[in-house]
>>> print(open('data.pdb').read())   # PDB, C-alpha atoms
ATOM      1  CA  MET A 926    -120.382  -4.057 -40.011
ATOM      2  CA  PRO A 927    -122.833  -1.221 -39.337
ATOM      3  CA  THR A 928    -122.933   1.594 -41.879
ATOM      4  CA  THR A 929    -123.925   5.223 -41.550
ATOM      5  CA  SER A 930    -127.542   4.182 -42.145
ATOM      6  CA  GLN A 931    -127.422   1.523 -39.427
ATOM      7  CA  ALA A 932    -126.164   1.305 -35.849
ATOM      8  CA  ILE A 933    -123.053   3.176 -34.814
ATOM      9  CA  ILE A 934    -119.927   0.989 -34.873
ATOM     10  CA  LYS A 935    -118.879   0.064 -31.350
ATOM     11  CA  TYR A 936    -115.101   0.241 -30.895
ATOM     12  CA  ILE A 937    -112.812  -0.912 -28.065
ATOM     13  CA  SER A 938    -109.052  -0.323 -27.923
ATOM     14  CA  ILE A 939    -106.949  -2.976 -26.174
ATOM     15  CA  GLY A 940    -103.519  -1.940 -24.952
ATOM     16  CA  ASP A 941    -101.276  -0.411 -22.317
ATOM     17  CA  SER A 942    -100.032   3.122 -21.550
ATOM     18  CA  TYR A 943     -99.572   3.799 -25.261
ATOM     19  CA  THR A 944    -103.302   3.242 -25.792
ATOM     20  CA  ILE A 945    -104.699   4.896 -22.681
ATOM     21  CA  GLY A 946    -102.431   7.853 -23.479
ATOM     22  CA  ASN A 947    -100.511   8.190 -20.241
ATOM     23  CA  GLY A 948    -100.140  11.894 -19.413
ATOM     24  CA  VAL A 949    -102.328  13.093 -22.286
ATOM     25  CA  SER A 950    -105.915  14.343 -22.152
ATOM     26  CA  PRO A 951    -108.533  12.065 -23.749
ATOM     27  CA  PHE A 952    -108.719  14.429 -26.726
ATOM     28  CA  GLY A 953    -105.043  13.771 -27.504
ATOM     29  CA  ARG A 954    -105.110   9.987 -27.247
ATOM     30  CA  TRP A 955    -104.801   8.283 -30.605
ATOM     31  CA  PRO A 956    -107.988   6.143 -30.264
ATOM     32  CA  ASN A 957    -110.008   9.313 -29.636
ATOM     33  CA  VAL A 958    -108.345  11.145 -32.513
ATOM     34  CA  LEU A 959    -108.982   8.104 -34.711
ATOM     35  CA  VAL A 960    -112.690   8.147 -33.916
ATOM     36  CA  LYS A 961    -112.917  11.871 -34.594
ATOM     37  CA  ASN A 962    -111.248  11.521 -37.976
ATOM     38  CA  LEU A 963    -113.341   8.501 -38.937
ATOM     39  CA  ASN A 964    -116.499  10.408 -38.074
ATOM     40  CA  GLN A 965    -115.338  13.221 -40.320
ATOM     41  CA  GLN A 966    -115.051  10.668 -43.127
ATOM     42  CA  GLY A 967    -118.649   9.585 -42.641
ATOM     43  CA  ILE A 968    -117.883   6.482 -40.576
ATOM     44  CA  GLU A 969    -120.188   6.514 -37.563
ATOM     45  CA  ILE A 970    -118.063   4.959 -34.851
ATOM     46  CA  ASN A 971    -117.937   5.354 -31.092
ATOM     47  CA  LEU A 972    -115.138   4.419 -28.680
ATOM     48  CA  ILE A 973    -117.287   2.619 -26.129
ATOM     49  CA  ALA A 974    -114.362   1.627 -23.893
ATOM     50  CA  ASN A 975    -110.618   2.046 -23.547
ATOM     51  CA  PRO A 976    -109.678  -0.556 -20.907
ATOM     52  CA  ALA A 977    -105.942  -0.105 -21.477
ATOM     53  CA  ILE A 978    -103.823   0.337 -18.354
ATOM     54  CA  SER A 979    -100.259   1.615 -18.019
ATOM     55  CA  GLY A 980     -97.804  -1.200 -17.419
ATOM     56  CA  PHE A 981    -100.026  -3.929 -18.819
ATOM     57  CA  THR A 982     -98.524  -6.943 -20.553
ATOM     58  CA  VAL A 983    -100.374  -9.255 -22.928
ATOM     59  CA  ARG A 984    -101.242 -11.538 -20.026
ATOM     60  CA  ASP A 985    -102.726  -8.584 -18.159
ATOM     61  CA  ALA A 986    -104.825  -7.753 -21.206
ATOM     62  CA  ILE A 987    -106.075 -11.333 -21.401
ATOM     63  CA  ARG A 988    -107.018 -11.346 -17.740
ATOM     64  CA  LEU A 989    -108.367  -7.840 -17.279
ATOM     65  CA  GLU A 990    -109.245  -6.328 -20.667
ATOM     66  CA  LEU A 991    -110.875  -9.215 -22.502
ATOM     67  CA  PRO A 992    -113.716  -9.449 -19.949
ATOM     68  CA  ALA A 993    -114.734  -5.882 -20.853
ATOM     69  CA  VAL A 994    -114.660  -6.800 -24.523
ATOM     70  CA  ALA A 995    -116.787  -9.890 -23.893
ATOM     71  CA  GLN A 996    -119.308  -7.880 -21.893
ATOM     72  CA  LEU A 997    -119.638  -4.945 -24.288
ATOM     73  CA  LYS A 998    -119.398  -6.955 -27.526
ATOM     74  CA  PRO A 999    -117.872  -4.336 -29.838
ATOM     75  CA  ASP A1000    -117.979  -4.432 -33.614
ATOM     76  CA  PHE A1001    -114.323  -3.455 -34.004
ATOM     77  CA  VAL A1002    -111.150  -3.694 -31.893
ATOM     78  CA  THR A1003    -107.594  -2.387 -32.127
ATOM     79  CA  VAL A1004    -104.758  -4.179 -30.342
ATOM     80  CA  LEU A1005    -101.513  -2.416 -29.379
ATOM     81  CA  ILE A1006     -99.866  -4.469 -26.640
ATOM     82  CA  GLY A1007     -96.403  -5.847 -25.985
ATOM     83  CA  ALA A1008     -94.152  -2.916 -25.144
ATOM     84  CA  ASN A1009     -94.025  -3.898 -21.487
ATOM     85  CA  ASP A1010     -93.395  -7.539 -22.416
ATOM     86  CA  SER A1011     -90.374  -6.490 -24.478
ATOM     87  CA  PHE A1012     -89.239  -3.972 -21.875
ATOM     88  CA  SER A1013     -89.165  -6.682 -19.206
ATOM     89  CA  GLY A1014     -87.010  -8.917 -21.397
ATOM     90  CA  ASN A1015     -89.523 -11.630 -22.283
ATOM     91  CA  PRO A1016     -88.386 -13.490 -25.418
ATOM     92  CA  ALA A1017     -90.345 -13.097 -28.620
ATOM     93  CA  SER A1018     -91.399 -16.750 -28.373
ATOM     94  CA  ALA A1019     -93.175 -16.090 -25.067
ATOM     95  CA  TYR A1020     -94.805 -13.004 -26.532
ATOM     96  CA  GLN A1021     -95.968 -15.073 -29.479
ATOM     97  CA  ASN A1022     -97.638 -17.613 -27.208
ATOM     98  CA  ASP A1023     -99.424 -14.901 -25.256
ATOM     99  CA  LEU A1024    -100.516 -12.997 -28.353
ATOM    100  CA  ILE A1025    -101.911 -16.195 -29.867
ATOM    101  CA  GLU A1026    -103.925 -16.794 -26.706
ATOM    102  CA  LEU A1027    -105.198 -13.211 -26.714
ATOM    103  CA  LEU A1028    -106.325 -13.378 -30.334
ATOM    104  CA  ASP A1029    -107.755 -16.882 -29.976
ATOM    105  CA  LYS A1030    -109.989 -15.569 -27.196
ATOM    106  CA  LEU A1031    -110.725 -12.190 -28.779
ATOM    107  CA  GLN A1032    -111.765 -13.234 -32.263
ATOM    108  CA  PRO A1033    -114.768 -15.398 -31.246
ATOM    109  CA  ILE A1034    -116.210 -12.475 -29.297
ATOM    110  CA  LEU A1035    -116.656 -10.431 -32.469
ATOM    111  CA  THR A1036    -119.440 -11.042 -34.956
ATOM    112  CA  ASN A1037    -116.793 -10.657 -37.645
ATOM    113  CA  PRO A1038    -113.530 -12.089 -36.233
ATOM    114  CA  LYS A1039    -111.520 -10.146 -38.814
ATOM    115  CA  ASN A1040    -112.661  -6.750 -37.546
ATOM    116  CA  ILE A1041    -109.409  -6.309 -35.648
ATOM    117  CA  VAL A1042    -106.464  -4.090 -36.510
ATOM    118  CA  LEU A1043    -103.165  -5.072 -34.942
ATOM    119  CA  ILE A1044    -100.702  -2.251 -34.291
ATOM    120  CA  THR A1045     -96.971  -2.768 -34.092
ATOM    121  CA  ILE A1046     -94.947  -1.791 -31.046
ATOM    122  CA  PRO A1047     -93.191   1.582 -31.371
ATOM    123  CA  ASP A1048     -89.440   1.905 -31.102
ATOM    124  CA  TYR A1049     -89.316   3.468 -27.656
ATOM    125  CA  THR A1050     -85.499   3.439 -27.768
ATOM    126  CA  ARG A1051     -85.686   6.528 -29.984
ATOM    127  CA  SER A1052     -87.485   8.497 -27.277
ATOM    128  CA  PRO A1053     -85.408  10.767 -25.004
ATOM    129  CA  ALA A1054     -85.849   8.412 -22.039
ATOM    130  CA  GLY A1055     -85.239   5.329 -24.158
ATOM    131  CA  LEU A1056     -81.765   6.245 -25.368
ATOM    132  CA  PRO A1057     -79.979   4.053 -22.758
ATOM    133  CA  TYR A1058     -81.660   0.986 -24.276
ATOM    134  CA  GLN A1059     -80.104   1.524 -27.688
ATOM    135  CA  ALA A1060     -76.826   0.028 -26.445
ATOM    136  CA  GLY A1061     -78.591  -3.231 -25.612
ATOM    137  CA  ASN A1062     -80.008  -3.585 -29.119
ATOM    138  CA  GLN A1063     -83.531  -3.311 -27.713
ATOM    139  CA  SER A1064     -84.766  -1.970 -31.035
ATOM    140  CA  ALA A1065     -83.981  -5.326 -32.670
ATOM    141  CA  ILE A1066     -85.957  -7.114 -29.948
ATOM    142  CA  ILE A1067     -88.927  -4.861 -30.638
ATOM    143  CA  GLU A1068     -88.623  -5.745 -34.310
ATOM    144  CA  GLN A1069     -88.773  -9.442 -33.385
ATOM    145  CA  TYR A1070     -92.004  -8.767 -31.509
ATOM    146  CA  ASN A1071     -93.377  -6.857 -34.469
ATOM    147  CA  GLN A1072     -92.585  -9.766 -36.753
ATOM    148  CA  VAL A1073     -94.731 -11.923 -34.465
ATOM    149  CA  ILE A1074     -97.556  -9.409 -34.831
ATOM    150  CA  LYS A1075     -97.266  -9.406 -38.617
ATOM    151  CA  GLU A1076     -97.144 -13.203 -38.788
ATOM    152  CA  GLN A1077    -100.258 -13.563 -36.660
ATOM    153  CA  ALA A1078    -102.041 -10.981 -38.786
ATOM    154  CA  ALA A1079    -101.128 -12.843 -41.967
ATOM    155  CA  GLN A1080    -102.253 -16.189 -40.555
ATOM    156  CA  ARG A1081    -105.588 -14.793 -39.374
ATOM    157  CA  GLY A1082    -106.351 -12.452 -42.257
ATOM    158  CA  LEU A1083    -106.075  -9.355 -40.064
ATOM    159  CA  MET A1084    -104.818  -5.905 -41.021
ATOM    160  CA  VAL A1085    -101.739  -4.296 -39.456
ATOM    161  CA  ALA A1086    -100.972  -0.641 -38.808
ATOM    162  CA  ASP A1087     -97.187  -0.421 -38.638
ATOM    163  CA  ILE A1088     -96.226   2.546 -36.446
ATOM    164  CA  PHE A1089     -92.666   1.286 -35.856
ATOM    165  CA  PRO A1090     -91.117   3.259 -38.765
ATOM    166  CA  VAL A1091     -92.709   6.575 -37.835
ATOM    167  CA  SER A1092     -91.812   6.036 -34.183
ATOM    168  CA  GLN A1093     -88.157   5.858 -35.208
ATOM    169  CA  THR A1094     -88.399   9.401 -36.549
ATOM    170  CA  MET A1095     -89.860  10.749 -33.295
ATOM    171  CA  ILE A1096     -86.738  12.022 -31.551
ATOM    172  CA  SER A1097     -87.921  15.521 -30.644
ATOM    173  CA  ALA A1098     -88.845  16.349 -27.043
ATOM    174  CA  GLU A1099     -92.084  17.880 -28.348
ATOM    175  CA  ASP A1100     -93.204  14.411 -29.419
ATOM    176  CA  TYR A1101     -93.235  13.253 -25.778
ATOM    177  CA  ILE A1102     -94.633  14.232 -22.419
ATOM    178  CA  ASP A1103     -92.285  15.254 -19.623
ATOM    179  CA  ASP A1104     -91.226  11.676 -18.849
ATOM    180  CA  GLY A1105     -89.526  11.507 -22.252
ATOM    181  CA  LEU A1106     -91.025   8.102 -22.964
ATOM    182  CA  HIS A1107     -94.741   8.405 -23.620
ATOM    183  CA  PRO A1108     -95.898  10.393 -26.656
ATOM    184  CA  SER A1109     -97.481  13.795 -26.355
ATOM    185  CA  ALA A1110    -100.644  14.651 -28.270
ATOM    186  CA  GLN A1111     -98.344  15.713 -31.099
ATOM    187  CA  GLY A1112     -96.610  12.336 -31.016
ATOM    188  CA  TYR A1113     -99.861  10.374 -30.930
ATOM    189  CA  ALA A1114    -101.104  12.368 -33.919
ATOM    190  CA  LYS A1115     -98.168  10.979 -35.904
ATOM    191  CA  TRP A1116     -99.144   7.435 -34.950
ATOM    192  CA  GLU A1117    -102.769   8.078 -35.803
ATOM    193  CA  LYS A1118    -101.856   9.175 -39.323
ATOM    194  CA  VAL A1119    -100.533   5.645 -39.869
ATOM    195  CA  ILE A1120    -103.401   3.873 -38.100
ATOM    196  CA  PHE A1121    -106.241   5.876 -39.668
ATOM    197  CA  PRO A1122    -105.976   4.735 -43.318
ATOM    198  CA  VAL A1123    -105.716   1.079 -42.281
ATOM    199  CA  VAL A1124    -108.819   1.280 -40.105
ATOM    200  CA  LEU A1125    -110.696   3.312 -42.721
ATOM    201  CA  GLU A1126    -109.950   0.696 -45.383
ATOM    202  CA  LEU A1127    -111.194  -2.105 -43.124
ATOM    203  CA  LEU A1128    -114.392  -0.361 -42.091
ATOM    204  CA  GLU A1129    -115.246   0.826 -45.593
ATOM    205  CA  ALA A1130    -114.830  -2.734 -46.889
ATOM    206  CA  ASN A1131    -117.481  -4.054 -44.489
TER
END
>>> encode(input="data.pdb", output="C-alpha cells")
Amino acid sequence: MPTTSQAIIKYISIGDSYTIGNGVSPFGRWPNVLVKNLNQQGIEINLIANPAISGFTVRDAIRLELPAVAQLKPDFVTVLIGANDSFSGNPASAYQNDLIELLDKLQPILTNPKNIVLITIPDYTRSPAGLPYQAGNQSAIIEQYNQVIKEQAAQRGLMVADIFPVSQTMISAEDYIDDGLHPSAQGYAKWEKVIFPVVLELLEAN
C-alpha cells in the first residue's frame, strides 16, 4: 500500500444509491467525507471513481462497476451493495451467491486482495419512508444479508464496517433527504464515523 512518501492511494467505492449519495452534493457523500478525513490523518488517498448507481443490485455491480475497477486498478475498494437485492425480496442465499461472485472477481484485480472494506446494509426500515416495511420484518431480512457479508469477510480475511446499528438510530427527518429514504449529508456523516476507523486501521497497517 502506498504511504505518504509514495504514490497517493487510489480508491474506488462500489455500491448503489447509498454510495453515490442520491440527492446529496459530492461533498456530503460518505466516500468523499471519508477521503477528506483520511487526508487530515496523513493518509494520502484519492477517490478516483465512484461508479455506484441508484437502484443497482450486486449483479449490476458485477456487470457495470467491476469493469471500471479493472480498468483503473485501484489500491483500495469499499463495497456497500445489497439494499436493492433485499428490497426486491431476493433470498439471502441468492445474495450470498452474487456477493461471492463479486468478491471472487474483485479481489484478483487488486495488488493486495485484502485491501477491501465491506460495509453492512443499513436498516432502511427505520427511515421515515421505510416504516411500512417494519410490519413485514424486513429488518430481519437485512440482518440475514449482513450475516452473509460478515461471513464472507471472515472467510477472506477482510474488514467490515458495520453501519447497521447506527442506521437503526437514524429516525429523525434531518438524517434524510426529502424522499425520507436516502440519508442527508448529516445522515451520511453518521455512517462515515463508523466506516472511518475501520478504513484507517486497514490503511495504516499496510
>>> closest_residue(input="data.pdb", among="A:Gly1105, A:Gly940, A:Gly953, A:Gly967", to="A:Gly1007", atoms="all atoms listed in the file")
A:Gly940
>>> residues_around(input="data.pdb", residues="stretch 1026-1039 of chain A", least_positions_apart="6", cutoff="7 Å", atoms="all atoms listed in the file", output="JSON, numbers by chain")
{"A": [987, 991, 995, 998, 999, 1000, 1082, 1083]}
>>> residues_near_point(input="data.pdb", point="(-103.8, 14.0, -29.2)", cutoff="12 Å", atoms="all atoms listed in the file", output="VMD selection string")
chain A and resid 943 to 962 1100 to 1102 1108 to 1118
>>> closest_residue(input="data.pdb", among="A:Pro1047, A:Pro1053, A:Pro976, A:Gly1061", to="A:Phe1089", atoms="all atoms listed in the file")
A:Pro1047
>>> atom_distance(input="data.pdb", atom1="atom CA of A:Ile934", atom2="atom CA of A:Ile970")
4.4 Å
>>> residues_around(input="data.pdb", residues="A:Asp985", least_positions_apart="3", cutoff="12 Å", atoms="only C-alpha atoms", output="list in words")
Ile939, Gly940, Asp941, Pro976, Ala977, Ile978, Ser979, Gly980, Phe981, Thr982, Arg988, Leu989, Glu990, Leu991, Pro992, Ile1006, Gly1007, Asn1009, Asp1010, Asp1023, Leu1024, Glu1026 and Leu1027 of chain A
>>> residues_near_point(input="data.pdb", point="(-113.8, 0.9, -25.6)", cutoff="8 Å", atoms="all atoms listed in the file", output="list of chain:residue names")
A:Lys935, A:Tyr936, A:Ile937, A:Ser938, A:Ile939, A:Leu972, A:Ile973, A:Ala974, A:Asn975, A:Pro976, A:Val994, A:Pro999
>>> atom_distance(input="data.pdb", atom1="atom CA of A:Ser1064", atom2="atom CA of A:Phe1121")
24.4 Å
>>> atom_distance(input="data.pdb", atom1="atom CA of A:Ala1078", atom2="atom CA of A:Leu1128")
16.6 Å
>>> closest_residue(input="data.pdb", among="A:Asn1040, A:Tyr1070, A:Ala986, A:Val1002", to="A:Glu1126", atoms="all atoms listed in the file")
A:Asn1040
>>> resolve_selection(input="data.pdb", expression="the PyMOL selection byres ((chain A and resi 1093) around 12)", output="PyMOL selection string")
chain A and resi 1046-1053+1055-1056+1059+1064+1067-1068+1087-1092+1094-1097+1100+1112+1115-1116
>>> axis_aligned_box(input="data.pdb", around="stretch 1093-1103 of chain A", padding_each_side="4 Å", output="AutoDock Vina command-line options")
--center_x -90.7 --center_y 11.9 --center_z -28.1 --size_x 15.9 --size_y 20.0 --size_z 24.9
>>> closest_residue(input="data.pdb", among="A:Asn1131, A:Leu1106, A:Phe1012, A:Leu997", to="A:Ile1066", atoms="all atoms listed in the file")
A:Phe1012
>>> closest_residue(input="data.pdb", among="A:Val983, A:Met1084, A:Val1123, A:Ala1065", to="A:Ala1019", atoms="all atoms listed in the file")
A:Val983
>>> build_atoms(input="data.pdb", residues="stretch 1080-1091 of chain A", atoms="all heavy atoms", output="short mmCIF file (atom, residue, chain, number, x, y, z; two decimals), keeping the file's coordinate frame")
data_model
loop_
_atom_site.label_atom_id
_atom_site.label_comp_id
_atom_site.auth_asym_id
_atom_site.auth_seq_id
_atom_site.Cartn_x
_atom_site.Cartn_y
_atom_site.Cartn_z
N GLN A 1080 -101.62 -14.89 -40.76
CA GLN A 1080 -102.25 -16.19 -40.56
C GLN A 1080 -103.76 -16.07 -40.34
O GLN A 1080 -104.52 -16.95 -40.73
CB GLN A 1080 -101.62 -16.91 -39.37
CG GLN A 1080 -100.18 -17.35 -39.60
CD GLN A 1080 -99.56 -17.97 -38.37
OE1 GLN A 1080 -100.25 -18.41 -37.45
NE2 GLN A 1080 -98.22 -18.01 -38.33
N ARG A 1081 -104.18 -14.96 -39.74
CA ARG A 1081 -105.59 -14.79 -39.37
C ARG A 1081 -106.36 -13.89 -40.33
O ARG A 1081 -107.55 -13.66 -40.14
CB ARG A 1081 -105.68 -14.23 -37.95
CG ARG A 1081 -105.08 -15.14 -36.90
CD ARG A 1081 -104.88 -14.45 -35.57
NE ARG A 1081 -104.18 -15.28 -34.60
CZ ARG A 1081 -104.77 -16.06 -33.71
NH1 ARG A 1081 -106.09 -16.11 -33.63
NH2 ARG A 1081 -104.04 -16.80 -32.89
N GLY A 1082 -105.68 -13.35 -41.32
CA GLY A 1082 -106.35 -12.45 -42.26
C GLY A 1082 -106.69 -11.11 -41.65
O GLY A 1082 -107.69 -10.49 -42.01
N LEU A 1083 -105.85 -10.63 -40.73
CA LEU A 1083 -106.08 -9.36 -40.06
C LEU A 1083 -105.18 -8.28 -40.68
O LEU A 1083 -104.13 -8.57 -41.23
CB LEU A 1083 -105.79 -9.46 -38.56
CG LEU A 1083 -106.56 -10.54 -37.79
CD1 LEU A 1083 -106.13 -10.55 -36.34
CD2 LEU A 1083 -108.07 -10.33 -37.92
N MET A 1084 -105.60 -7.03 -40.52
CA MET A 1084 -104.82 -5.90 -41.02
C MET A 1084 -103.88 -5.39 -39.93
O MET A 1084 -104.18 -5.50 -38.74
CB MET A 1084 -105.74 -4.80 -41.52
CG MET A 1084 -106.63 -5.23 -42.68
SD MET A 1084 -107.67 -3.90 -43.32
CE MET A 1084 -106.44 -2.91 -44.17
N VAL A 1085 -102.75 -4.83 -40.37
CA VAL A 1085 -101.74 -4.30 -39.46
C VAL A 1085 -101.49 -2.83 -39.75
O VAL A 1085 -101.34 -2.44 -40.92
CB VAL A 1085 -100.41 -5.07 -39.59
CG1 VAL A 1085 -99.34 -4.44 -38.69
CG2 VAL A 1085 -100.59 -6.53 -39.24
N ALA A 1086 -101.43 -2.03 -38.70
CA ALA A 1086 -100.97 -0.64 -38.81
C ALA A 1086 -99.57 -0.59 -38.22
O ALA A 1086 -99.39 -0.82 -37.02
CB ALA A 1086 -101.91 0.30 -38.06
N ASP A 1087 -98.59 -0.35 -39.05
CA ASP A 1087 -97.19 -0.42 -38.64
C ASP A 1087 -96.67 0.96 -38.25
O ASP A 1087 -96.24 1.75 -39.09
CB ASP A 1087 -96.35 -1.01 -39.77
CG ASP A 1087 -94.92 -1.31 -39.35
OD1 ASP A 1087 -94.59 -1.12 -38.16
OD2 ASP A 1087 -94.13 -1.76 -40.22
N ILE A 1088 -96.69 1.24 -36.94
CA ILE A 1088 -96.23 2.55 -36.45
C ILE A 1088 -94.74 2.54 -36.11
O ILE A 1088 -94.19 3.58 -35.75
CB ILE A 1088 -97.04 3.01 -35.22
CG1 ILE A 1088 -96.83 2.06 -34.03
CG2 ILE A 1088 -98.52 3.15 -35.57
CD1 ILE A 1088 -97.42 2.58 -32.72
N PHE A 1089 -94.09 1.38 -36.21
CA PHE A 1089 -92.67 1.29 -35.86
C PHE A 1089 -91.82 2.27 -36.67
O PHE A 1089 -91.01 3.00 -36.09
CB PHE A 1089 -92.18 -0.15 -36.04
CG PHE A 1089 -90.74 -0.37 -35.65
CD1 PHE A 1089 -90.39 -0.58 -34.33
CD2 PHE A 1089 -89.74 -0.38 -36.60
CE1 PHE A 1089 -89.07 -0.80 -33.96
CE2 PHE A 1089 -88.41 -0.59 -36.26
CZ PHE A 1089 -88.07 -0.79 -34.93
N PRO A 1090 -91.97 2.33 -38.01
CA PRO A 1090 -91.12 3.26 -38.76
C PRO A 1090 -91.28 4.72 -38.36
O PRO A 1090 -90.29 5.43 -38.19
CB PRO A 1090 -91.55 3.02 -40.22
CG PRO A 1090 -92.07 1.62 -40.23
CD PRO A 1090 -92.76 1.48 -38.91
N VAL A 1091 -92.52 5.17 -38.20
CA VAL A 1091 -92.71 6.58 -37.84
C VAL A 1091 -92.20 6.83 -36.42
O VAL A 1091 -91.68 7.92 -36.12
CB VAL A 1091 -94.18 7.01 -37.99
CG1 VAL A 1091 -95.07 6.41 -36.92
CG2 VAL A 1091 -94.29 8.53 -37.96
#
